[in-house]
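File shown: run.txt (compact mmCIF, C-alpha atoms and all ligand atoms).
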# COMPACT_ATOMS: atom_id res chain seq x y z
CA MET A 1 117.20 96.04 108.56
CA ARG A 2 114.99 98.69 106.98
CA ASN A 3 112.44 99.51 109.64
CA ASN A 4 110.34 102.30 108.16
CA LEU A 5 108.15 101.17 105.30
CA PHE A 6 105.74 103.26 103.30
CA PHE A 7 102.98 101.82 101.10
CA ILE A 8 101.41 104.04 98.44
CA GLY A 9 98.06 102.55 97.38
CA LEU A 10 96.60 100.43 100.14
CA GLY A 11 94.33 97.89 98.48
CA LEU A 12 94.36 94.12 98.16
CA ILE A 13 98.01 93.76 97.20
CA GLY A 14 99.55 96.60 99.24
CA GLY A 15 97.54 95.48 102.27
CA SER A 16 98.49 91.81 101.85
CA LEU A 17 102.17 92.63 101.49
CA ALA A 18 102.08 94.95 104.52
CA MET A 19 100.51 92.15 106.59
CA ALA A 20 103.13 89.64 105.46
CA VAL A 21 105.94 92.08 106.36
CA LYS A 22 104.47 92.79 109.78
CA LYS A 23 104.05 89.10 110.54
CA GLU A 24 107.72 88.37 109.84
CA HIS A 25 109.12 91.65 111.21
CA PRO A 26 106.83 92.94 113.99
CA SER A 27 109.24 95.78 114.79
CA CYS A 28 108.79 97.36 111.34
CA ARG A 29 106.84 100.61 111.34
CA ILE A 30 104.45 100.68 108.40
CA ALA A 31 102.82 103.84 107.08
CA GLY A 32 100.32 103.96 104.26
CA TYR A 33 98.83 106.50 101.89
CA ASP A 34 95.85 105.99 99.61
CA ILE A 35 94.23 108.45 97.27
CA GLU A 36 91.02 107.41 99.00
CA PRO A 37 91.90 108.28 102.62
CA GLU A 38 89.26 105.95 104.05
CA GLN A 39 91.15 102.95 102.59
CA ALA A 40 94.31 103.89 104.51
CA GLN A 41 92.25 104.59 107.62
CA LEU A 42 90.57 101.19 107.27
CA GLY A 43 94.09 99.73 107.00
CA VAL A 44 94.88 101.17 110.45
CA THR A 45 91.59 99.90 111.90
CA LEU A 46 92.24 96.40 110.54
CA GLY A 47 95.82 96.42 111.88
CA VAL A 48 97.29 96.18 108.37
CA ILE A 49 99.41 99.34 108.80
CA ASP A 50 100.50 101.36 111.83
CA GLU A 51 99.75 104.81 110.49
CA ALA A 52 97.78 106.48 107.70
CA VAL A 53 99.42 109.60 106.27
CA LEU A 54 97.64 112.33 104.36
CA SER A 55 100.20 112.96 101.63
CA ILE A 56 102.88 111.05 99.75
CA GLU A 57 105.51 113.51 100.94
CA ASP A 58 104.62 112.91 104.63
CA GLY A 59 105.20 109.17 104.33
CA ALA A 60 108.07 109.18 101.83
CA LYS A 61 110.52 111.46 103.61
CA HIS A 62 111.05 109.07 106.57
CA ALA A 63 110.87 105.82 104.62
CA ASP A 64 113.69 103.27 104.22
CA CYS A 65 111.61 101.41 101.68
CA ILE A 66 108.70 102.66 99.58
CA ILE A 67 106.25 100.21 98.04
CA LEU A 68 104.11 101.39 95.12
CA SER A 69 100.89 99.39 95.13
CA ALA A 70 98.46 101.43 93.05
CA PRO A 71 97.21 100.59 89.50
CA VAL A 72 100.14 100.69 87.06
CA GLN A 73 99.37 103.95 85.23
CA GLN A 74 99.05 105.68 88.60
CA THR A 75 102.40 104.14 89.58
CA LEU A 76 104.12 106.16 86.82
CA LEU A 77 102.62 109.40 88.17
CA ILE A 78 103.57 108.54 91.75
CA MET A 79 107.15 107.81 90.58
CA ASP A 80 107.27 111.29 89.02
CA GLN A 81 106.22 112.81 92.33
CA LEU A 82 108.80 110.80 94.31
CA SER A 83 111.59 111.76 91.90
CA LYS A 84 111.06 115.41 92.84
CA MET A 85 111.13 114.86 96.62
CA THR A 86 114.00 114.74 99.07
CA LEU A 87 114.10 111.13 100.21
CA LYS A 88 116.48 109.18 102.46
CA LYS A 89 119.73 108.41 100.64
CA GLY A 90 119.70 104.77 99.46
CA VAL A 91 115.94 104.38 99.86
CA ILE A 92 114.63 101.25 98.12
CA ILE A 93 111.62 101.91 95.92
CA THR A 94 109.75 98.88 94.63
CA ASP A 95 106.36 98.29 93.02
CA VAL A 96 103.91 95.39 92.78
CA GLY A 97 102.47 96.18 89.34
CA SER A 98 101.29 93.48 86.95
CA THR A 99 103.34 95.04 84.12
CA LYS A 100 107.03 95.68 84.35
CA GLU A 101 108.65 97.12 81.22
CA THR A 102 107.16 100.63 81.10
CA ILE A 103 107.72 101.04 84.83
CA ALA A 104 111.36 99.86 84.61
CA LEU A 105 112.11 102.21 81.70
CA HIS A 106 110.50 105.10 83.55
CA ALA A 107 112.49 104.39 86.72
CA ASN A 108 115.75 104.38 84.74
CA LYS A 109 114.82 107.74 83.30
CA ILE A 110 113.76 109.62 86.42
CA PHE A 111 115.39 108.19 89.56
CA THR A 112 118.85 109.25 90.74
CA GLU A 113 121.36 106.64 91.88
CA ASP A 114 120.44 107.39 95.53
CA MET A 115 116.98 106.02 94.84
CA ILE A 116 117.29 102.26 94.39
CA PHE A 117 114.43 101.11 92.20
CA ILE A 118 113.70 97.38 92.01
CA GLY A 119 110.57 96.45 90.07
CA GLY A 120 108.45 93.67 91.57
CA HIS A 121 105.34 91.59 90.92
CA PRO A 122 103.93 89.14 93.45
CA MET A 123 102.11 86.79 91.10
CA ALA A 124 99.03 85.88 93.05
CA GLY A 125 95.90 87.83 93.69
CA SER A 126 92.19 87.78 93.44
CA HIS A 127 89.23 89.37 91.70
CA LYS A 128 88.57 91.24 94.94
CA SER A 129 89.84 94.75 95.59
CA GLY A 130 90.49 96.91 98.62
CA VAL A 131 92.33 96.55 101.89
CA SER A 132 89.45 94.66 103.49
CA ALA A 133 90.25 91.70 101.17
CA ALA A 134 93.96 91.68 102.15
CA LYS A 135 95.47 88.49 103.59
CA ALA A 136 98.95 87.87 105.01
CA HIS A 137 99.20 84.51 103.24
CA LEU A 138 98.03 85.67 99.80
CA PHE A 139 101.44 85.12 98.21
CA GLU A 140 102.36 81.84 99.91
CA ASN A 141 104.09 79.58 97.34
CA ALA A 142 103.45 82.09 94.54
CA PHE A 143 106.22 83.43 92.35
CA TYR A 144 107.42 86.88 93.27
CA VAL A 145 109.13 88.37 90.22
CA LEU A 146 111.86 90.94 90.74
CA CYS A 147 113.01 92.80 87.66
CA ASP A 148 116.53 93.96 88.30
CA SER A 149 119.65 92.08 87.39
CA SER A 150 122.24 94.84 87.90
CA GLU A 151 125.31 93.80 89.91
CA GLU A 152 125.20 97.01 91.98
CA HIS A 153 121.67 96.30 93.13
CA ALA A 154 122.36 92.70 94.24
CA PRO A 155 122.70 93.59 97.97
CA TYR A 156 119.46 95.63 97.83
CA ILE A 157 117.64 92.71 96.21
CA GLU A 158 118.75 90.53 99.12
CA GLU A 159 117.45 93.17 101.57
CA LEU A 160 114.11 93.22 99.80
CA LYS A 161 113.84 89.42 99.89
CA THR A 162 114.53 89.51 103.65
CA LEU A 163 111.94 92.22 104.14
CA PHE A 164 109.33 90.27 102.15
CA ALA A 165 110.28 86.82 103.52
CA GLY A 166 106.91 86.66 105.33
CA THR A 167 105.14 86.34 101.96
CA LYS A 168 106.64 82.81 101.74
CA ALA A 169 106.78 83.44 98.00
CA ASN A 170 109.43 82.11 95.61
CA PHE A 171 111.52 85.02 94.35
CA VAL A 172 112.63 84.94 90.72
CA ILE A 173 114.64 87.49 88.77
CA MET A 174 113.26 88.21 85.33
CA ASN A 175 113.78 90.61 82.49
CA PRO A 176 110.82 93.08 82.33
CA LYS A 177 110.10 92.46 78.64
CA GLU A 178 110.03 88.69 79.12
CA HIS A 179 107.81 89.18 82.19
CA ASP A 180 105.27 91.23 80.21
CA LEU A 181 105.15 88.70 77.38
CA ILE A 182 104.57 85.73 79.69
CA THR A 183 102.05 87.45 81.96
CA GLY A 184 100.33 88.72 78.81
CA VAL A 185 99.70 85.08 77.82
CA ILE A 186 98.76 83.59 81.19
CA SER A 187 97.16 86.52 82.98
CA HIS A 188 96.37 89.65 80.95
CA PHE A 189 94.85 88.08 77.84
CA PRO A 190 92.71 85.60 79.84
CA HIS A 191 91.12 88.60 81.59
CA ILE A 192 90.03 89.93 78.19
CA ILE A 193 88.55 86.55 77.28
CA ALA A 194 86.67 86.34 80.59
CA ALA A 195 85.20 89.81 80.07
CA GLY A 196 84.43 88.89 76.43
CA LEU A 197 82.46 85.82 77.50
CA VAL A 198 80.43 87.94 79.89
CA HIS A 199 79.71 90.45 77.10
CA GLN A 200 78.58 87.58 74.87
CA ALA A 201 76.17 86.38 77.58
CA VAL A 202 74.85 89.93 78.08
CA GLN A 203 74.04 90.18 74.37
CA HIS A 204 72.24 86.84 74.48
CA GLU A 205 70.29 87.84 77.54
CA GLU A 206 68.49 90.53 75.56
CA GLU A 207 66.77 87.78 73.53
CA ASN A 208 66.92 84.96 76.06
CA PRO A 209 66.24 86.29 79.56
CA LEU A 210 66.98 82.84 81.06
CA THR A 211 70.68 83.19 80.16
CA ARG A 212 71.68 84.73 83.49
CA ARG A 213 69.76 82.18 85.54
CA LEU A 214 71.21 79.23 83.65
CA ALA A 215 74.80 80.47 83.99
CA ALA A 216 76.22 77.50 85.87
CA GLY A 217 79.54 76.10 87.06
CA GLY A 218 81.62 76.30 83.89
CA PHE A 219 80.59 79.85 83.03
CA ARG A 220 81.10 81.01 86.58
CA ASP A 221 84.52 79.36 86.86
CA ILE A 222 85.88 80.80 83.64
CA THR A 223 84.45 84.28 84.23
CA ARG A 224 85.40 84.69 87.92
CA ILE A 225 88.19 87.05 86.94
CA ALA A 226 85.75 89.27 85.03
CA SER A 227 84.80 90.56 88.51
CA SER A 228 88.27 92.14 88.93
CA SER A 229 88.91 95.87 89.21
CA PRO A 230 88.23 97.60 85.84
CA ALA A 231 90.70 100.41 86.66
CA MET A 232 93.47 97.94 87.33
CA TRP A 233 92.85 96.01 84.09
CA ARG A 234 92.49 99.13 81.95
CA ASP A 235 95.92 100.23 83.15
CA ILE A 236 97.50 96.81 82.59
CA LEU A 237 96.25 96.57 79.00
CA LEU A 238 97.41 100.09 78.18
CA GLN A 239 100.89 99.31 79.48
CA ASN A 240 101.15 95.94 77.77
CA LYS A 241 99.56 97.11 74.51
CA GLU A 242 102.12 95.69 72.04
CA HIS A 243 102.04 92.17 73.47
CA MET A 244 98.25 92.31 73.77
CA LEU A 245 97.78 93.28 70.13
CA GLN A 246 99.97 90.34 69.06
CA LEU A 247 98.00 88.00 71.34
CA PHE A 248 94.72 89.22 69.78
CA ASP A 249 96.04 88.20 66.34
CA ASN A 250 97.12 84.79 67.64
CA TRP A 251 93.79 84.28 69.37
CA LEU A 252 91.74 85.14 66.30
CA GLN A 253 93.78 82.60 64.30
CA GLU A 254 93.29 80.02 67.04
CA MET A 255 89.51 80.53 67.03
CA GLU A 256 89.46 80.30 63.22
CA ARG A 257 91.33 76.99 63.48
CA VAL A 258 88.85 75.40 65.89
CA ARG A 259 85.92 76.94 64.03
CA ASP A 260 87.11 75.13 60.89
CA PHE A 261 87.31 71.82 62.76
CA LEU A 262 83.65 72.24 63.57
CA LYS A 263 82.64 73.58 60.18
CA TRP A 264 84.11 70.46 58.50
CA GLU A 265 82.91 68.20 61.32
CA ASP A 266 86.45 66.98 61.85
CA SER A 267 85.61 64.97 64.97
CA SER A 268 89.11 63.68 65.61
CA ALA A 269 90.56 67.22 65.40
CA ILE A 270 87.90 68.46 67.83
CA TYR A 271 88.66 65.60 70.23
CA GLN A 272 92.38 66.27 69.90
CA TYR A 273 91.84 69.98 70.57
CA PHE A 274 90.12 69.35 73.89
CA ASN A 275 92.42 66.50 74.82
CA GLU A 276 95.63 68.48 74.31
CA ALA A 277 94.21 71.34 76.35
CA LYS A 278 93.13 68.95 79.11
CA GLU A 279 96.56 67.33 79.29
CA PHE A 280 98.30 70.70 79.64
CA ARG A 281 95.78 72.00 82.18
CA ASP A 282 95.83 68.79 84.24
CA GLY A 283 99.62 68.97 84.30
CA LEU A 284 99.78 72.39 85.93
CA PRO A 285 101.32 72.20 89.38
CA VAL A 286 98.52 72.08 91.94
CA LYS A 287 100.51 72.53 95.10
CA GLN A 288 102.16 75.70 93.96
CA GLN A 289 100.23 78.86 93.31
CA GLY A 290 102.31 80.42 90.56
CA ALA A 291 100.28 82.90 88.56
CA ILE A 292 97.28 80.59 88.71
CA PRO A 293 96.24 80.38 92.33
CA SER A 294 95.37 76.86 93.30
CA PHE A 295 92.18 76.34 95.18
CA TYR A 296 91.88 73.24 97.27
CA ASP A 297 88.34 71.98 96.92
CA LEU A 298 86.43 69.84 99.35
CA TYR A 299 83.15 68.29 98.22
CA ILE A 300 80.57 67.46 100.86
CA ASP A 301 77.47 65.31 100.35
CA VAL A 302 74.81 67.26 102.13
CA PRO A 303 71.07 66.78 102.56
CA ASP A 304 69.12 69.33 100.55
CA TYR A 305 67.49 71.45 103.22
CA PRO A 306 67.39 75.23 103.76
CA GLY A 307 70.16 76.25 106.14
CA VAL A 308 72.61 73.50 105.23
CA ILE A 309 75.23 76.02 104.11
CA SER A 310 75.08 77.90 107.38
CA GLU A 311 75.26 74.62 109.28
CA ILE A 312 78.52 73.70 107.54
CA THR A 313 80.06 77.18 107.67
CA GLY A 314 79.12 77.32 111.35
CA TYR A 315 81.27 74.24 112.09
CA LEU A 316 84.17 75.66 110.07
CA ALA A 317 83.90 79.01 111.85
CA LYS A 318 83.92 77.22 115.21
CA GLU A 319 87.34 75.79 114.29
CA LYS A 320 88.51 79.08 112.69
CA ILE A 321 89.01 77.57 109.23
CA SER A 322 88.88 80.19 106.46
CA ILE A 323 87.28 79.42 103.15
CA THR A 324 87.67 81.22 99.82
CA ASN A 325 84.49 80.08 98.10
CA ILE A 326 81.39 77.99 98.67
CA ARG A 327 78.86 76.69 96.21
CA ILE A 328 76.12 74.08 95.85
CA ILE A 329 77.01 72.13 92.73
CA GLU A 330 73.79 70.21 92.38
CA THR A 331 70.53 70.31 94.29
CA ARG A 332 67.46 68.42 93.29
CA GLU A 333 64.33 67.56 95.22
CA ASP A 334 64.74 64.62 97.56
CA ILE A 335 68.35 63.83 96.78
CA ASN A 336 71.60 64.94 98.25
CA GLY A 337 73.29 68.07 97.06
CA VAL A 338 77.00 68.49 96.71
CA LEU A 339 78.54 71.43 98.46
CA ARG A 340 81.88 72.55 97.11
CA ILE A 341 84.05 74.56 99.48
CA SER A 342 87.36 76.01 98.29
CA PHE A 343 90.33 76.72 100.51
CA GLN A 344 93.48 78.60 99.74
CA ARG A 345 95.70 76.10 101.54
CA GLU A 346 95.85 72.35 101.51
CA ALA A 347 96.21 72.31 105.30
CA ASP A 348 92.91 74.19 105.66
CA ARG A 349 91.15 71.65 103.44
CA GLU A 350 92.52 68.80 105.56
CA ARG A 351 91.34 70.50 108.77
CA ALA A 352 87.92 71.12 107.20
CA LYS A 353 87.57 67.44 106.28
CA ASN A 354 88.33 66.45 109.88
CA CYS A 355 85.98 69.14 111.19
CA ILE A 356 83.06 67.90 109.03
CA ALA A 357 83.76 64.32 110.16
CA LYS A 358 83.75 65.49 113.78
CA TYR A 359 80.39 67.28 113.68
CA THR A 360 78.45 65.39 110.99
CA SER A 361 78.13 62.09 109.18
CA TYR A 362 78.21 63.72 105.73
CA GLY A 363 80.57 62.17 103.21
CA THR A 364 83.49 64.26 101.98
CA PHE A 365 85.86 63.93 99.05
CA PHE A 366 88.64 66.00 97.52
CA GLY A 367 88.36 67.67 94.10
N1 LIG A 401 94.67 92.10 92.13
C1 LIG A 401 95.57 91.22 91.74
O1 LIG A 401 95.26 90.05 91.52
C2 LIG A 401 97.01 91.67 91.57
C3 LIG A 401 98.02 90.73 91.69
C4 LIG A 401 99.36 91.16 91.60
C5 LIG A 401 99.63 92.49 91.34
N2 LIG A 401 98.62 93.38 91.20
C6 LIG A 401 98.96 94.80 91.00
O2 LIG A 401 98.88 95.40 92.26
C7 LIG A 401 98.49 96.78 92.14
C8 LIG A 401 97.33 97.05 93.06
O3 LIG A 401 96.27 96.21 92.76
P1 LIG A 401 95.18 95.80 93.85
O4 LIG A 401 94.59 94.53 93.41
O5 LIG A 401 95.75 95.93 95.22
O6 LIG A 401 94.11 96.94 93.61
P2 LIG A 401 93.13 97.63 94.67
O7 LIG A 401 92.12 98.34 93.87
O8 LIG A 401 92.70 96.66 95.70
O9 LIG A 401 94.10 98.70 95.38
C9 LIG A 401 94.70 99.77 94.70
C10 LIG A 401 94.64 100.96 95.64
O10 LIG A 401 95.40 102.02 95.04
C11 LIG A 401 94.73 103.23 95.34
N3 LIG A 401 95.20 104.26 94.42
C12 LIG A 401 94.83 104.48 93.14
N4 LIG A 401 95.50 105.54 92.65
C13 LIG A 401 96.30 105.99 93.63
C14 LIG A 401 97.22 107.05 93.74
N5 LIG A 401 97.47 107.86 92.73
N6 LIG A 401 97.85 107.25 94.91
C15 LIG A 401 97.60 106.44 95.99
N7 LIG A 401 96.73 105.43 95.94
C16 LIG A 401 96.10 105.19 94.77
C17 LIG A 401 93.26 102.89 95.24
O11 LIG A 401 92.45 103.83 95.91
C18 LIG A 401 93.24 101.49 95.86
O12 LIG A 401 92.94 101.54 97.23
C19 LIG A 401 98.20 96.99 90.66
O13 LIG A 401 99.30 97.63 90.07
C20 LIG A 401 98.05 95.60 90.10
O14 LIG A 401 98.45 95.54 88.75
C21 LIG A 401 97.31 93.02 91.35
O1 LIG A 402 93.23 85.21 90.81
C1 LIG A 402 92.92 86.24 90.24
O2 LIG A 402 91.80 86.72 90.34
C2 LIG A 402 93.90 86.95 89.42
O3 LIG A 402 93.50 87.53 88.46
C3 LIG A 402 95.30 86.99 89.85
C4 LIG A 402 96.31 87.44 88.81
C5 LIG A 402 96.27 86.43 87.64
O4 LIG A 402 95.98 86.81 86.51
O5 LIG A 402 96.58 85.25 87.88
C6 LIG A 402 95.98 88.80 88.32
C7 LIG A 402 96.91 89.74 88.12
C8 LIG A 402 98.21 89.63 88.68
O6 LIG A 402 99.14 90.48 88.25
C9 LIG A 402 98.58 88.35 89.19
C10 LIG A 402 97.64 87.41 89.42
Kindly transcribe the structure held in the file into structure tokens.
Ligand SMILES: NC(=O)c1ccc[n+]([C@@H]2O[C@H](COP(=O)([O-])OP(=O)(O)OC[C@H]3O[C@@H](n4cnc5c(N)ncnc54)[C@H](O)[C@@H]3O)[C@@H](O)[C@H]2O)c1
Ligand SMILES: O=C(O)C(=O)C[C@]1(C(=O)O)C=C[C@@H](O)C=C1
Amino acid sequence: MRNNLFFIGLGLIGGSLAMAVKKEHPSCRIAGYDIEPEQAQLGVTLGVIDEAVLSIEDGAKHADCIILSAPVQQTLLIMDQLSKMTLKKGVIITDVGSTKETIALHANKIFTEDMIFIGGHPMAGSHKSGVSAAKAHLFENAFYVLCDSSEEHAPYIEELKTLFAGTKANFVIMNPKEHDLITGVISHFPHIIAAGLVHQAVQHEEENPLTRRLAAGGFRDITRIASSSPAMWRDILLQNKEHMLQLFDNWLQEMERVRDFLKWEDSSAIYQYFNEAKEFRDGLPVKQQGAIPSFYDLYIDVPDYPGVISEITGYLAKEKISITNIRIIETREDINGVLRISFQREADRERAKNCIAKYTSYGTFFG
């Protein structure tokens, strides 16, 4: 068992992985380095890591396994630094980056055979950044891609899976190029669209100041990911440039196609367009996170009075039930509002339903 772990870049993903490791293997000693030392220090305060080190060299020389969890362009630079250091023979080096091909090619070029590089990508996350947002269960049921199919590395891959067993993720081996193409479609390009929709609203706001205030459920849902870290997404796009450029061409054609349906008032084509999308979307697995994290929603019929949100969250806090999101869907004078609370796990939603029934007479239903 590899007992000394070293995380470089201690934000949402590094922190979450460190917590999952510690939960499964309490005897592991986890050190962390972050270019912003207060992040690593916060990691110690929050119990995410055991020790914050002040340089990469300090943490790397004793490590049995090094985890690179910084934005992907930074990962390349950190790899360069590691390749020039004296590390433990047979050290496993892995990363968590959202892109895999450039990193894999770089590792092949610079690491000696005593440095075992296995590229990785736990495919769940959030628009939040920083170690304070880290959660041990972030990757539960998500896919955890490992990009290494070499026979010689098979035993090391097994070691890594054992080390990361606390993530409760589903490990899959994938070719880096294939990984970048698929994640380009279902993760990277959608982030461009979300940011694009926000830019469109900003332009409209100049002429119609009500735009921001009217931005309701649909706009908020589809643009949630526009709140993600700009540095992280800049790096991802730069590393997945070729696939992204192709996806831009496909997207422009797709928008032309639907634009024509509308231009010619082809109502059956418009219906078909939405219906096909709905069928695919409705068919996505809901109990598995995959790259699209599932949120388990609970709707609560609540009276419309100031303080109702804190009443409900108070009951949930009493029973230590964590929520990921909360929103009033509809509030009008004199009628009930509907409060939507999202949970990361189905079990939490079930507990919340029972909790609300215990303390109130408000109706609840699942979304
Ligand atoms: N956020 C997600 O949803 C998600 C999901 C899966 C994978 N990833 C990947 O995980 C990695 C980290 O993303 P995150 O969401 O944890 O971001 P984050 O911003 O929460 O954390 C990244 C941390 O890396 C630090 N850092 C930056 N440059 C560094 C350097 N040169 N040396 C040391 N530390 C450095 C930052 O200060 C920050 O604390 C990225 O490569 C990203 O592509 C993100
Ligand atoms: O849930 C989110 O906010 C995410 O953006 C998570 C998300 C994704 O696109 O699904 C983002 C990047 C990752 O590499 C993996 C997961």
Residue among A:Met19, A:Ala195, A:Ile326, A:Ile67 lying closest to Ala136 (chain A), counting all atoms listed in the file:
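Result for the nearest residue to Ala136 (chain A): A:Met19.
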Please report as a tab-separated table every residue of chain A lying within 7 Å of ligand LIG 401 (chain A), along with the nearest atom pair and their distance in Å (one decimal), using all atoms listed in the file.
residue	atom	partner	partner_atom	distance
A:Ile8	CA	A:LIG401	C15	5.1
A:Gly9	CA	A:LIG401	N7	3.5
A:Leu10	CA	A:LIG401	O12	4.8
A:Gly11	CA	A:LIG401	O9	3.2
A:Leu12	CA	A:LIG401	O5	3.7
A:Ile13	CA	A:LIG401	O5	3.7
A:Gly14	CA	A:LIG401	O5	5.6
A:Tyr33	CA	A:LIG401	C15	6.0
A:Asp34	CA	A:LIG401	N7	3.8
A:Ile35	CA	A:LIG401	C15	4.1
A:Glu36	CA	A:LIG401	O11	4.9
A:Gln39	CA	A:LIG401	O12	5.8
A:Ser69	CA	A:LIG401	C7	4.6
A:Ala70	CA	A:LIG401	O10	3.7
A:Pro71	CA	A:LIG401	O13	3.7
A:Val72	CA	A:LIG401	O13	4.4
A:Gln74	CA	A:LIG401	N5	4.9
A:Thr75	CA	A:LIG401	N5	6.9
A:Ile78	CA	A:LIG401	N5	6.2
A:Val96	CA	A:LIG401	O2	5.1
A:Gly97	CA	A:LIG401	O13	3.6
A:Ser98	CA	A:LIG401	O14	3.9
A:Thr99	CA	A:LIG401	O14	6.8
A:His121	CA	A:LIG401	C5	5.8
A:Pro122	CA	A:LIG401	C4	5.3
A:Met123	CA	A:LIG401	C4	5.2
A:Ala124	CA	A:LIG401	C3	5.1
A:Gly125	CA	A:LIG401	O1	3.2
A:Ser126	CA	A:LIG401	O1	4.3
A:His127	CA	A:LIG401	O1	6.1
A:Lys128	CA	A:LIG401	N1	6.8
A:Ser129	CA	A:LIG401	O8	3.4
A:Gly130	CA	A:LIG401	O8	3.7
A:Val131	CA	A:LIG401	O8	6.2
A:Ser229	CA	A:LIG401	O7	6.2
A:Met232	CA	A:LIG401	O14	5.7
A:Ile236	CA	A:LIG401	O14	6.4
If you take every atom of ligand LIG 402 (chain A) that the file lists and fit an axis-aligned box around them with 6 Å extra on each side, what centre and edge lengths come out in Å to one decimal, as lines of an AutoDock Vina configuration file?
center_x = 95.5
center_y = 87.8
center_z = 88.7
size_x = 19.3
size_y = 17.3
size_z = 16.3
Atomic separation - atom O6 of ligand LIG 402 (chain A) relative to CA of Tyr296 (chain A), Å
20.8 Å
Pick from A:Leu245, A:Ile186, A:Ala357, A:Leu262 nearest to ligand LIG 402 (chain A), counting only C-alpha atoms and all ligand atoms
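Looking at the shortest contact to ligand LIG 402 (chain A), the residue is A:Ile186.
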Between CA of Gln246 (chain A) and CA of Asp260 (chain A), what is the spacing in Å?
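Computing it gives 21.5 Å between the two atoms.
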Report, in Å to a single decimal, how far apart CA of Val302 (chain A) and CA of Leu339 (chain A) are.
6.7 Å
Restricting the calculation to all atoms listed in the file, which member of A:Ala18, A:Ala201, A:Ala194, A:Leu105 is positioned closest to ligand LIG 402 (chain A)?
A:Ala194
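For the choices A:Lys358, A:Lys320, A:His179, A:Arg281, the atom-to-atom distance to ligand LIG 402 (chain A) is smallest for A:His179 when using only C-alpha atoms and all ligand atoms.
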